[in-house]
Amino acid sequence: MPDGKKKKMDKIVSLCKRRGFIFQSSEIYGGIGGFWDYGPLGVELKRNIKDVWWRDMVTGHDDTSTPVGAATPYEMVGIDASIVMHPQVWKASGHYDLFHDMLVDCRTCKARFRADQIPTSPCSRKPSKHPGEHTDCDLTEPREFNLMFKTFIGALIDPTAEAYLRPETAQGIFVNFKNVLSTARVKLPFGIAQIGKAFRNEITPRNYTFRSREFEQMEIEFFCSPDSSQGWYDYWCARRFTWYTSLGLKSERLRLRDHAASERAHYSCGTADIEYAFPFLAEGEFGELEGVSHRGDFDLRSHMEGKLVRDGDILKVELDEHGRASHAGSGKDLSYFDDATQTKFIPHVIEPSAGVDRAMLAFLCEAYTEDAIPDDKGVPQERVVLKLHPRIAPVKVAVFPLIKKDGMPEIAGEIYRELKLKWNVSYDQKGSIGRRYRRQDESGTPFCITVDHQTLIDGTVTLRDRNTTVQERVNSANLVSLIEERL
RNA sequence: GCGGGCAUAGCUCAGUGGUAGAGCAUCAGCUUCCCAAGCUGAGGGUCGCGGGUUCAAAUCCCGCUGUCCGCUCCA
């Protein structure tokens with residue numbers, strides 16, 4: 001990593017701690033790897049990101065007209081599924097096998113092999129032999145690697161009570177597809193949205209909150225007919241990319257990248273990642289914020305028939321040595337009957353799956369800015385400012401009395417209480433006025449209001465813009481409407 | 001999982017065997033000043049955790065944990 005980028009990331013991490021955005025989990029006990037806590041400002045920022053997403057994708061969606069870029073109108077609803085689900089959910093979905101392996105490490109060549117594939121794997125030192133056959137080989141015993149967090153249902157620790165913390169929220173949507181369809185008066189095409197925690201035992205949690213073991217997802221499963229699915233895939237790629245740019249990720253650091261066919265999961269008909277060039281990554285490298293995937297009928301079919309594997313061009317149920325499904329599905333019919341065409345089919349799925357914590361980190365990195373503004377003597381002074389989009393800024397407005405006497409605190413207090421009815425507003429009368437502006441700049445507060453001597457005469461206050469530091473004098477009676485149109 | 005670096009106040013760091021420090025930040029007061037670093041004062045650290053060596057350990061040794069970098073692995 002280049003020095004300059006590392007320095008920038010260090011400054012962001014330091015700011016996040018200093019201002020109460022992000023703390024390491026369980027810090028007073030020495031910390032715990034891969035887990036993070038959000039402090040007073042961090043929780044506001046994170047909630048805003050989730051609220052804006054929910055608003056833009058679900059409650060604010062107009063299902064009576066055709067959105068730009070879409071073929072037809074569509075409906076959106078939400079759910080909130082449990083974190084612990086029936087263990088068979090993960091077996092049928094393929095996660096159990098994918099995330100659960102017996103692995104063998106070679107201490108000599110640092111390679112790792114799946115225990116069941118050693119007879120067919122080449123030794124890294126001598127590809128003509130298999131691991132363990134070369135004299136230099138130094139293999140560990142097969143060890144169980146489980147990327148899913150295991151837990152137990154019921155107080156009794158018993159292997160038959162094993163369950164898992166979900167490694168993704170998506171399956172909670174698929175298993176509720178039938179419930180939503182039969183109760184929410186929706187018909188295809190429609191989407192189900194969900195925000196919630198997910199857990200993965202990452203082998204190497206790294207890069208601040210980017211790869212955490214406990215993280216939060218914002219996922220949509222969009223159900224449509226097979227023949228319309230490609231169009232909806234294109235729609236969602238564009239729709240989701242635009243969402244990030246609309247919240248401030250405007251720079252060349254954001255990109256939409258199509259996966260090559262070889263890179264895609266076996267069930268995917270198309271996948272694109274929305275990626276951000278985080279400062280902690282090497283030059284030219286990008287990290288995933290969201291994956292938009294065309295999953296065909298894989299998910300619903302899996303939960304009908306059982307775990308699917310690819311066989312040439314088709315997906316078929318994986319069988320065990322007795323010819324039965326290796327991991328059975330629910331056996332329930334999850335197909336859809338389309339009244340208009342009088343046809344029955346298993347809906348295809350487009351999945352825009354976003355990481356809340358990763359989005360938040362990208363917004364913070366993008367917003368972090370150092371500039372210089374003149375002090376009271378006209379000498380440029382360095383300033384640190386988080387240029388967060390006003391919709392996600394933790395605090396929307398700060399209210400100050402210029403000095404804490406002559407009745408200014410009382411007037412500022414009235415304004416504070418009035419604005420607080422609508423937004424998260426903070427009040428500060430401590431320290432010099434310049435210092436108070438700087439504090440708010442570091443927190444990303446878009447607007448500051450100052451009550452000064454002239455307020456006492458004509459009722460006007462100054463409204464200061466975070467990005468430009470420009471102040472304008474406005475009537476305090478108009479503040480609510482004025483700020484409303486700028487947020 | 002392997003190898004290497006790092007761990008001292010909220011933040012950035014100094015302190016290499018002998019009484020735990022600085023700057024910034026925070027708090028109280030003064031100043032009444034529209035863009036940080038004016039004045040006075042205060043609080044805050046079992047020096048990551050555990051063990052060992054020593055009369056004496058932040059400092060030396062061992063283990064653990066966390067973190068960073070590089071491999072490895074990978075949704």
# chains A, B, ... in the order shown; residues from 1 in each chain; ligands from 1
>>> interface_residues(of="chain B", to="chain A", cutoff="9 Å", atoms="only C-alpha atoms (C1' of nucleotides)", output="list in words")
G1, C2, G10, C11, A25, U32, C33, C34, C35, A36, G48, C49, U65, G66, U67, C69, C71, U72, C73 and C74 of chain B
>>> write_last_selection(atoms="N, CA and C atoms (P, O5', C5', C4', C3', O3' and C1' of nucleotides)", output="compact mmCIF listing (two decimals), in the first residue's frame")
# COMPACT_ATOMS: atom_id res chain seq x y z
P G B 1 -5.39 -19.92 13.35
O5' G B 1 -4.63 -20.58 12.13
C5' G B 1 -4.09 -21.89 12.26
C4' G B 1 -3.21 -22.09 11.09
C3' G B 1 -1.94 -21.23 11.09
O3' G B 1 -0.94 -21.80 11.90
C1' G B 1 -2.96 -21.13 8.96
P C B 2 0.15 -20.89 12.62
O5' C B 2 1.12 -20.51 11.41
C5' C B 2 1.86 -21.53 10.74
C4' C B 2 2.69 -20.92 9.65
C3' C B 2 3.53 -19.72 10.05
O3' C B 2 4.72 -20.10 10.72
C1' C B 2 2.42 -19.25 8.03
P G B 10 -7.58 6.84 27.45
O5' G B 10 -8.15 7.21 26.01
C5' G B 10 -9.37 6.65 25.54
C4' G B 10 -9.85 7.47 24.36
C3' G B 10 -8.77 7.71 23.31
O3' G B 10 -8.82 6.71 22.32
C1' G B 10 -9.69 9.78 24.00
P C B 11 -7.44 6.19 21.66
O5' C B 11 -7.03 7.40 20.71
C5' C B 11 -7.77 7.68 19.52
C4' C B 11 -7.12 8.82 18.78
C3' C B 11 -5.63 8.63 18.51
O3' C B 11 -5.42 7.90 17.31
C1' C B 11 -5.97 10.75 19.48
P A B 25 -6.93 21.33 21.11
O5' A B 25 -7.70 19.97 21.43
C5' A B 25 -8.46 19.30 20.41
C4' A B 25 -9.07 18.04 20.97
C3' A B 25 -10.01 18.23 22.15
O3' A B 25 -11.32 18.56 21.72
C1' A B 25 -8.49 16.51 22.66
P U B 32 -14.30 40.51 27.41
O5' U B 32 -15.06 39.88 26.19
C5' U B 32 -14.62 40.07 24.85
C4' U B 32 -15.69 39.54 23.91
C3' U B 32 -17.01 40.33 23.94
O3' U B 32 -17.57 40.37 22.65
C1' U B 32 -17.38 38.06 24.50
P C B 33 -17.07 41.40 21.61
O5' C B 33 -16.19 40.32 20.87
C5' C B 33 -16.18 40.08 19.54
C4' C B 33 -15.14 39.03 19.29
C3' C B 33 -15.58 37.91 18.38
O3' C B 33 -15.45 38.33 17.04
C1' C B 33 -14.14 37.13 20.12
P C B 34 -16.72 38.16 16.10
O5' C B 34 -16.75 36.60 15.81
C5' C B 34 -15.57 35.87 15.54
C4' C B 34 -15.80 34.93 14.37
C3' C B 34 -15.67 35.59 13.02
O3' C B 34 -15.08 34.67 12.11
C1' C B 34 -17.78 34.60 13.21
P C B 35 -13.51 34.90 11.75
O5' C B 35 -12.86 33.47 11.97
C5' C B 35 -12.85 32.85 13.26
C4' C B 35 -12.87 31.36 13.07
C3' C B 35 -11.86 30.89 12.02
O3' C B 35 -11.29 29.68 12.47
C1' C B 35 -14.04 30.13 11.49
P A B 36 -9.71 29.72 12.89
O5' A B 36 -9.64 28.52 13.93
C5' A B 36 -10.61 28.41 14.98
C4' A B 36 -10.19 27.29 15.88
C3' A B 36 -8.82 27.47 16.51
O3' A B 36 -8.88 28.26 17.67
C1' A B 36 -9.03 25.28 15.63
P G B 48 1.26 -2.01 27.27
O5' G B 48 -0.14 -2.78 27.21
C5' G B 48 -1.38 -2.06 27.28
C4' G B 48 -2.49 -3.05 27.12
C3' G B 48 -2.39 -4.27 28.03
O3' G B 48 -2.99 -4.03 29.28
C1' G B 48 -2.72 -4.98 25.79
P C B 49 -2.34 -4.63 30.61
O5' C B 49 -2.77 -6.16 30.52
C5' C B 49 -4.13 -6.55 30.57
C4' C B 49 -4.24 -8.05 30.42
C3' C B 49 -3.33 -8.86 31.32
O3' C B 49 -3.85 -9.02 32.63
C1' C B 49 -3.15 -9.68 29.12
P U B 65 -4.07 -16.67 21.01
O5' U B 65 -4.63 -15.21 21.28
C5' U B 65 -5.81 -15.02 22.06
C4' U B 65 -6.05 -13.56 22.30
C3' U B 65 -6.10 -12.67 21.06
O3' U B 65 -7.35 -12.73 20.41
C1' U B 65 -4.74 -11.65 22.68
P G B 66 -7.47 -12.48 18.85
O5' G B 66 -7.21 -10.92 18.72
C5' G B 66 -8.14 -9.99 19.25
C4' G B 66 -7.56 -8.61 19.24
C3' G B 66 -7.13 -8.10 17.87
O3' G B 66 -8.23 -7.60 17.13
C1' G B 66 -5.43 -7.66 19.43
P U B 67 -8.24 -7.67 15.54
O5' U B 67 -7.09 -6.64 15.15
C5' U B 67 -7.29 -5.24 15.31
C4' U B 67 -6.01 -4.51 14.99
C3' U B 67 -5.44 -4.76 13.60
O3' U B 67 -6.07 -3.96 12.62
C1' U B 67 -3.71 -4.97 15.20
P C B 69 -3.02 -3.65 6.33
O5' C B 69 -1.57 -4.17 5.92
C5' C B 69 -0.55 -3.26 5.52
C4' C B 69 0.73 -4.00 5.24
C3' C B 69 0.60 -5.22 4.34
O3' C B 69 0.52 -4.88 2.96
C1' C B 69 1.92 -5.79 6.20
P C B 71 1.06 -10.44 -1.30
O5' C B 71 1.69 -11.86 -0.95
C5' C B 71 0.92 -12.99 -1.11
C4' C B 71 1.64 -14.17 -0.51
C3' C B 71 0.77 -15.41 -0.49
O3' C B 71 0.89 -16.12 -1.71
C1' C B 71 1.63 -15.02 1.68
P U B 72 -0.44 -16.39 -2.52
O5' U B 72 -1.20 -17.43 -1.59
C5' U B 72 -0.55 -18.61 -1.18
C4' U B 72 -1.34 -19.27 -0.09
C3' U B 72 -2.85 -19.36 -0.33
O3' U B 72 -3.19 -20.42 -1.21
C1' U B 72 -2.46 -18.60 1.85
P C B 73 -4.34 -20.20 -2.27
O5' C B 73 -5.63 -20.11 -1.34
C5' C B 73 -6.03 -21.22 -0.57
C4' C B 73 -7.07 -20.81 0.43
C3' C B 73 -8.36 -20.23 -0.15
O3' C B 73 -9.23 -21.25 -0.61
C1' C B 73 -7.65 -18.89 1.65
P C B 74 -10.08 -21.01 -1.94
O5' C B 74 -11.17 -19.96 -1.46
C5' C B 74 -12.06 -20.28 -0.41
C4' C B 74 -12.75 -19.04 0.07
C3' C B 74 -13.57 -18.30 -0.99
O3' C B 74 -14.84 -18.88 -1.13
C1' C B 74 -12.23 -16.76 0.23
>>> select_by_dssp(residues="stretch 120-343 of chain A", states="strand (DSSP E)", output="JSON, numbers by chain")
{"A": [143, 144, 145, 146, 150, 151, 152, 162, 163, 164, 190, 191, 192, 193, 194, 195, 196, 197, 198, 199, 214, 215, 216, 217, 218, 219, 220, 221, 222, 223, 224, 254, 255, 256, 257, 258, 270, 271, 272, 273, 274, 275, 276, 287, 288, 289, 290, 291, 292, 293, 294, 295, 296, 308, 309, 310, 311, 314, 315, 316, 317, 336, 337, 338, 343]}
>>> closest_residue(among="A:Ala328, A:Val399, A:Cys224, A:Pro279", to="A:Leu364", atoms="only C-alpha atoms")
A:Pro279
>>> closest_residue(among="A:Phe215, A:Tyr416, A:Phe222, A:Tyr276", to="A:Asp299", atoms="only C-alpha atoms")
A:Phe222
>>> residues_around(residues="B:C27", least_positions_apart="3", cutoff="12 Å", atoms="only C-alpha atoms (C1' of nucleotides)", output="list in words")
Lys430 and Gly431 of chain A; G41, A42, G43 and G44 of chain B
>>> residues_around(residues="A:Ile350", least_positions_apart="5", cutoff="7 Å", atoms="only C-alpha atoms (C1' of nucleotides)", output="PyMOL selection string")
chain A and resi 221-223+233+293-295
>>> write_last_selection(atoms="N, CA, C and O atoms", output="PDB file, in the first residue's frame")
ATOM      1  N   GLU A 221     -34.595  -9.547  -2.814  1.00  0.00           N
ATOM      2  CA  GLU A 221     -34.788 -10.654  -3.758  1.00  0.00           C
ATOM      3  C   GLU A 221     -35.950 -10.224  -4.641  1.00  0.00           C
ATOM      4  O   GLU A 221     -37.077 -10.025  -4.164  1.00  0.00           O
ATOM      5  N   PHE A 222     -35.644 -10.067  -5.903  1.00  0.00           N
ATOM      6  CA  PHE A 222     -36.643  -9.559  -6.847  1.00  0.00           C
ATOM      7  C   PHE A 222     -37.110 -10.718  -7.714  1.00  0.00           C
ATOM      8  O   PHE A 222     -36.321 -11.349  -8.421  1.00  0.00           O
ATOM      9  N   PHE A 223     -38.396 -11.018  -7.636  1.00  0.00           N
ATOM     10  CA  PHE A 223     -38.949 -12.187  -8.322  1.00  0.00           C
ATOM     11  C   PHE A 223     -39.635 -11.773  -9.619  1.00  0.00           C
ATOM     12  O   PHE A 223     -40.436 -10.828  -9.627  1.00  0.00           O
ATOM     13  N   TYR A 233     -32.468  -7.698 -14.460  1.00  0.00           N
ATOM     14  CA  TYR A 233     -31.077  -7.711 -13.991  1.00  0.00           C
ATOM     15  C   TYR A 233     -30.375  -6.409 -14.390  1.00  0.00           C
ATOM     16  O   TYR A 233     -29.722  -5.755 -13.571  1.00  0.00           O
ATOM     17  N   SER A 293     -26.920 -10.052  -8.558  1.00  0.00           N
ATOM     18  CA  SER A 293     -26.775 -11.361  -9.169  1.00  0.00           C
ATOM     19  C   SER A 293     -28.081 -11.832  -9.790  1.00  0.00           C
ATOM     20  O   SER A 293     -29.160 -11.662  -9.214  1.00  0.00           O
ATOM     21  N   HIS A 294     -27.968 -12.369 -10.982  1.00  0.00           N
ATOM     22  CA  HIS A 294     -29.100 -13.019 -11.643  1.00  0.00           C
ATOM     23  C   HIS A 294     -29.016 -14.498 -11.285  1.00  0.00           C
ATOM     24  O   HIS A 294     -28.150 -15.209 -11.769  1.00  0.00           O
ATOM     25  N   ARG A 295     -29.904 -14.944 -10.416  1.00  0.00           N
ATOM     26  CA  ARG A 295     -29.760 -16.282  -9.851  1.00  0.00           C
ATOM     27  C   ARG A 295     -30.682 -17.313 -10.496  1.00  0.00           C
ATOM     28  O   ARG A 295     -30.735 -18.455 -10.039  1.00  0.00           O
TER      29      ARG A 295
END
>>> atom_distance(atom1="atom CA of A:Ala70", atom2="atom CA of A:Trp232")
7.0 Å
>>> closest_residue(among="A:Ala272, A:Asp320, A:Asn478, A:Asn146", to="A:Glu418", atoms="only C-alpha atoms")
A:Asn478
>>> closest_residue(among="B:G52, B:G3, B:A75, B:C47", to="B:G15", atoms="only C-alpha atoms (C1' of nucleotides)")
B:C47
>>> select_by_dssp(residues="stretch 210-328 of chain A", states="alpha helix (DSSP H)", output="ChimeraX atom specification")
/A:229-246,298-305
>>> residues_around(residues="B:A20", least_positions_apart="4", cutoff="12 Å", atoms="only C-alpha atoms (C1' of nucleotides)", output="PyMOL selection string")
chain B and resi 8-9+14-15+45+47+58
>>> closest_residue(among="A:Ser326, A:Thr151, A:Ser481, A:Gln217", to="A:Trp54", atoms="only C-alpha atoms")
A:Gln217
>>> residues_around(residues="B:C39", least_positions_apart="6", cutoff="12 Å", atoms="only C-alpha atoms (C1' of nucleotides)", output="list in words")
G29, C30 and U31 of chain B
>>> residues_around(residues="A:Val84", least_positions_apart="6", cutoff="12 Å", atoms="only C-alpha atoms (C1' of nucleotides)", output="list in words")
Trp90, Met148, Phe149, Lys150, Thr151, Phe152, Ile153, Ala161, Glu162, Ala163, Tyr164, Leu165, Arg166, Pro167, Glu168, Thr169, Gln171, Gly172, Gly196, Lys197, Ala198 and Phe199 of chain A
>>> write_last_selection(atoms="N, CA, C and O atoms", output="PDB file, in the first residue's frame")
ATOM      1  N   TRP A  90     -29.868 -24.278   5.310  1.00  0.00           N
ATOM      2  CA  TRP A  90     -28.477 -24.084   4.869  1.00  0.00           C
ATOM      3  C   TRP A  90     -27.954 -25.290   4.117  1.00  0.00           C
ATOM      4  O   TRP A  90     -27.025 -25.174   3.326  1.00  0.00           O
ATOM      5  N   MET A 148     -19.627 -20.961   8.841  1.00  0.00           N
ATOM      6  CA  MET A 148     -20.872 -20.575   9.503  1.00  0.00           C
ATOM      7  C   MET A 148     -20.696 -20.702  11.012  1.00  0.00           C
ATOM      8  O   MET A 148     -20.088 -21.656  11.502  1.00  0.00           O
ATOM      9  N   PHE A 149     -21.243 -19.754  11.753  1.00  0.00           N
ATOM     10  CA  PHE A 149     -21.218 -19.835  13.211  1.00  0.00           C
ATOM     11  C   PHE A 149     -22.206 -20.893  13.664  1.00  0.00           C
ATOM     12  O   PHE A 149     -23.376 -20.863  13.308  1.00  0.00           O
ATOM     13  N   LYS A 150     -21.704 -21.809  14.478  1.00  0.00           N
ATOM     14  CA  LYS A 150     -22.572 -22.883  14.966  1.00  0.00           C
ATOM     15  C   LYS A 150     -23.136 -22.492  16.327  1.00  0.00           C
ATOM     16  O   LYS A 150     -22.452 -21.881  17.141  1.00  0.00           O
ATOM     17  N   THR A 151     -24.371 -22.860  16.567  1.00  0.00           N
ATOM     18  CA  THR A 151     -24.941 -22.644  17.888  1.00  0.00           C
ATOM     19  C   THR A 151     -25.862 -23.821  18.202  1.00  0.00           C
ATOM     20  O   THR A 151     -25.966 -24.760  17.415  1.00  0.00           O
ATOM     21  N   PHE A 152     -26.471 -23.797  19.355  1.00  0.00           N
ATOM     22  CA  PHE A 152     -27.339 -24.904  19.759  1.00  0.00           C
ATOM     23  C   PHE A 152     -28.690 -24.375  20.185  1.00  0.00           C
ATOM     24  O   PHE A 152     -28.774 -23.381  20.905  1.00  0.00           O
ATOM     25  N   ILE A 153     -29.723 -25.058  19.742  1.00  0.00           N
ATOM     26  CA  ILE A 153     -31.077 -24.656  20.104  1.00  0.00           C
ATOM     27  C   ILE A 153     -31.494 -25.434  21.343  1.00  0.00           C
ATOM     28  O   ILE A 153     -31.366 -26.652  21.378  1.00  0.00           O
ATOM     29  N   ALA A 161     -29.235 -30.773  18.184  1.00  0.00           N
ATOM     30  CA  ALA A 161     -29.815 -29.431  18.353  1.00  0.00           C
ATOM     31  C   ALA A 161     -28.965 -28.377  17.672  1.00  0.00           C
ATOM     32  O   ALA A 161     -29.158 -27.198  17.892  1.00  0.00           O
ATOM     33  N   GLU A 162     -28.024 -28.796  16.819  1.00  0.00           N
ATOM     34  CA  GLU A 162     -27.151 -27.846  16.155  1.00  0.00           C
ATOM     35  C   GLU A 162     -27.919 -26.931  15.206  1.00  0.00           C
ATOM     36  O   GLU A 162     -28.819 -27.374  14.494  1.00  0.00           O
ATOM     37  N   ALA A 163     -27.532 -25.679  15.212  1.00  0.00           N
ATOM     38  CA  ALA A 163     -28.102 -24.718  14.260  1.00  0.00           C
ATOM     39  C   ALA A 163     -27.015 -23.710  13.933  1.00  0.00           C
ATOM     40  O   ALA A 163     -25.920 -23.759  14.487  1.00  0.00           O
ATOM     41  N   TYR A 164     -27.328 -22.804  13.019  1.00  0.00           N
ATOM     42  CA  TYR A 164     -26.328 -21.852  12.558  1.00  0.00           C
ATOM     43  C   TYR A 164     -26.873 -20.435  12.597  1.00  0.00           C
ATOM     44  O   TYR A 164     -28.066 -20.220  12.403  1.00  0.00           O
ATOM     45  N   LEU A 165     -25.980 -19.494  12.857  1.00  0.00           N
ATOM     46  CA  LEU A 165     -26.325 -18.096  12.648  1.00  0.00           C
ATOM     47  C   LEU A 165     -26.233 -17.847  11.146  1.00  0.00           C
ATOM     48  O   LEU A 165     -25.271 -18.264  10.509  1.00  0.00           O
ATOM     49  N   ARG A 166     -27.219 -17.191  10.579  1.00  0.00           N
ATOM     50  CA  ARG A 166     -27.267 -17.068   9.122  1.00  0.00           C
ATOM     51  C   ARG A 166     -26.017 -16.383   8.560  1.00  0.00           C
ATOM     52  O   ARG A 166     -25.585 -15.360   9.087  1.00  0.00           O
ATOM     53  N   PRO A 167     -25.449 -16.943   7.487  1.00  0.00           N
ATOM     54  CA  PRO A 167     -24.322 -16.286   6.831  1.00  0.00           C
ATOM     55  C   PRO A 167     -24.789 -15.273   5.790  1.00  0.00           C
ATOM     56  O   PRO A 167     -23.965 -14.582   5.191  1.00  0.00           O
ATOM     57  N   GLU A 168     -26.072 -15.198   5.548  1.00  0.00           N
ATOM     58  CA  GLU A 168     -26.642 -14.167   4.678  1.00  0.00           C
ATOM     59  C   GLU A 168     -28.126 -14.064   5.021  1.00  0.00           C
ATOM     60  O   GLU A 168     -28.730 -15.001   5.534  1.00  0.00           O
ATOM     61  N   THR A 169     -28.704 -12.904   4.739  1.00  0.00           N
ATOM     62  CA  THR A 169     -30.114 -12.717   5.070  1.00  0.00           C
ATOM     63  C   THR A 169     -31.031 -13.267   3.982  1.00  0.00           C
ATOM     64  O   THR A 169     -32.217 -13.481   4.218  1.00  0.00           O
ATOM     65  N   GLN A 171     -31.654 -16.099   2.535  1.00  0.00           N
ATOM     66  CA  GLN A 171     -32.454 -17.314   2.671  1.00  0.00           C
ATOM     67  C   GLN A 171     -33.738 -17.087   3.472  1.00  0.00           C
ATOM     68  O   GLN A 171     -34.733 -17.786   3.277  1.00  0.00           O
ATOM     69  N   GLY A 172     -33.695 -16.104   4.371  1.00  0.00           N
ATOM     70  CA  GLY A 172     -34.908 -15.774   5.122  1.00  0.00           C
ATOM     71  C   GLY A 172     -36.001 -15.255   4.212  1.00  0.00           C
ATOM     72  O   GLY A 172     -37.199 -15.386   4.510  1.00  0.00           O
ATOM     73  N   GLY A 196     -30.605  -6.879   7.883  1.00  0.00           N
ATOM     74  CA  GLY A 196     -30.348  -7.607   9.119  1.00  0.00           C
ATOM     75  C   GLY A 196     -28.920  -8.098   9.231  1.00  0.00           C
ATOM     76  O   GLY A 196     -28.137  -8.033   8.293  1.00  0.00           O
ATOM     77  N   LYS A 197     -28.619  -8.610  10.413  1.00  0.00           N
ATOM     78  CA  LYS A 197     -27.283  -9.105  10.715  1.00  0.00           C
ATOM     79  C   LYS A 197     -27.027 -10.443  10.038  1.00  0.00           C
ATOM     80  O   LYS A 197     -27.935 -11.267   9.894  1.00  0.00           O
ATOM     81  N   ALA A 198     -25.786 -10.664   9.663  1.00  0.00           N
ATOM     82  CA  ALA A 198     -25.337 -11.961   9.176  1.00  0.00           C
ATOM     83  C   ALA A 198     -23.951 -12.219   9.756  1.00  0.00           C
ATOM     84  O   ALA A 198     -23.278 -11.290  10.219  1.00  0.00           O
ATOM     85  N   PHE A 199     -23.551 -13.485   9.739  1.00  0.00           N
ATOM     86  CA  PHE A 199     -22.337 -13.886  10.455  1.00  0.00           C
ATOM     87  C   PHE A 199     -21.515 -14.842   9.597  1.00  0.00           C
ATOM     88  O   PHE A 199     -22.051 -15.810   9.055  1.00  0.00           O
TER      89      PHE A 199
END
>>> atom_distance(atom1="atom CA of A:Glu290", atom2="atom CA of A:Thr209")
15.0 Å
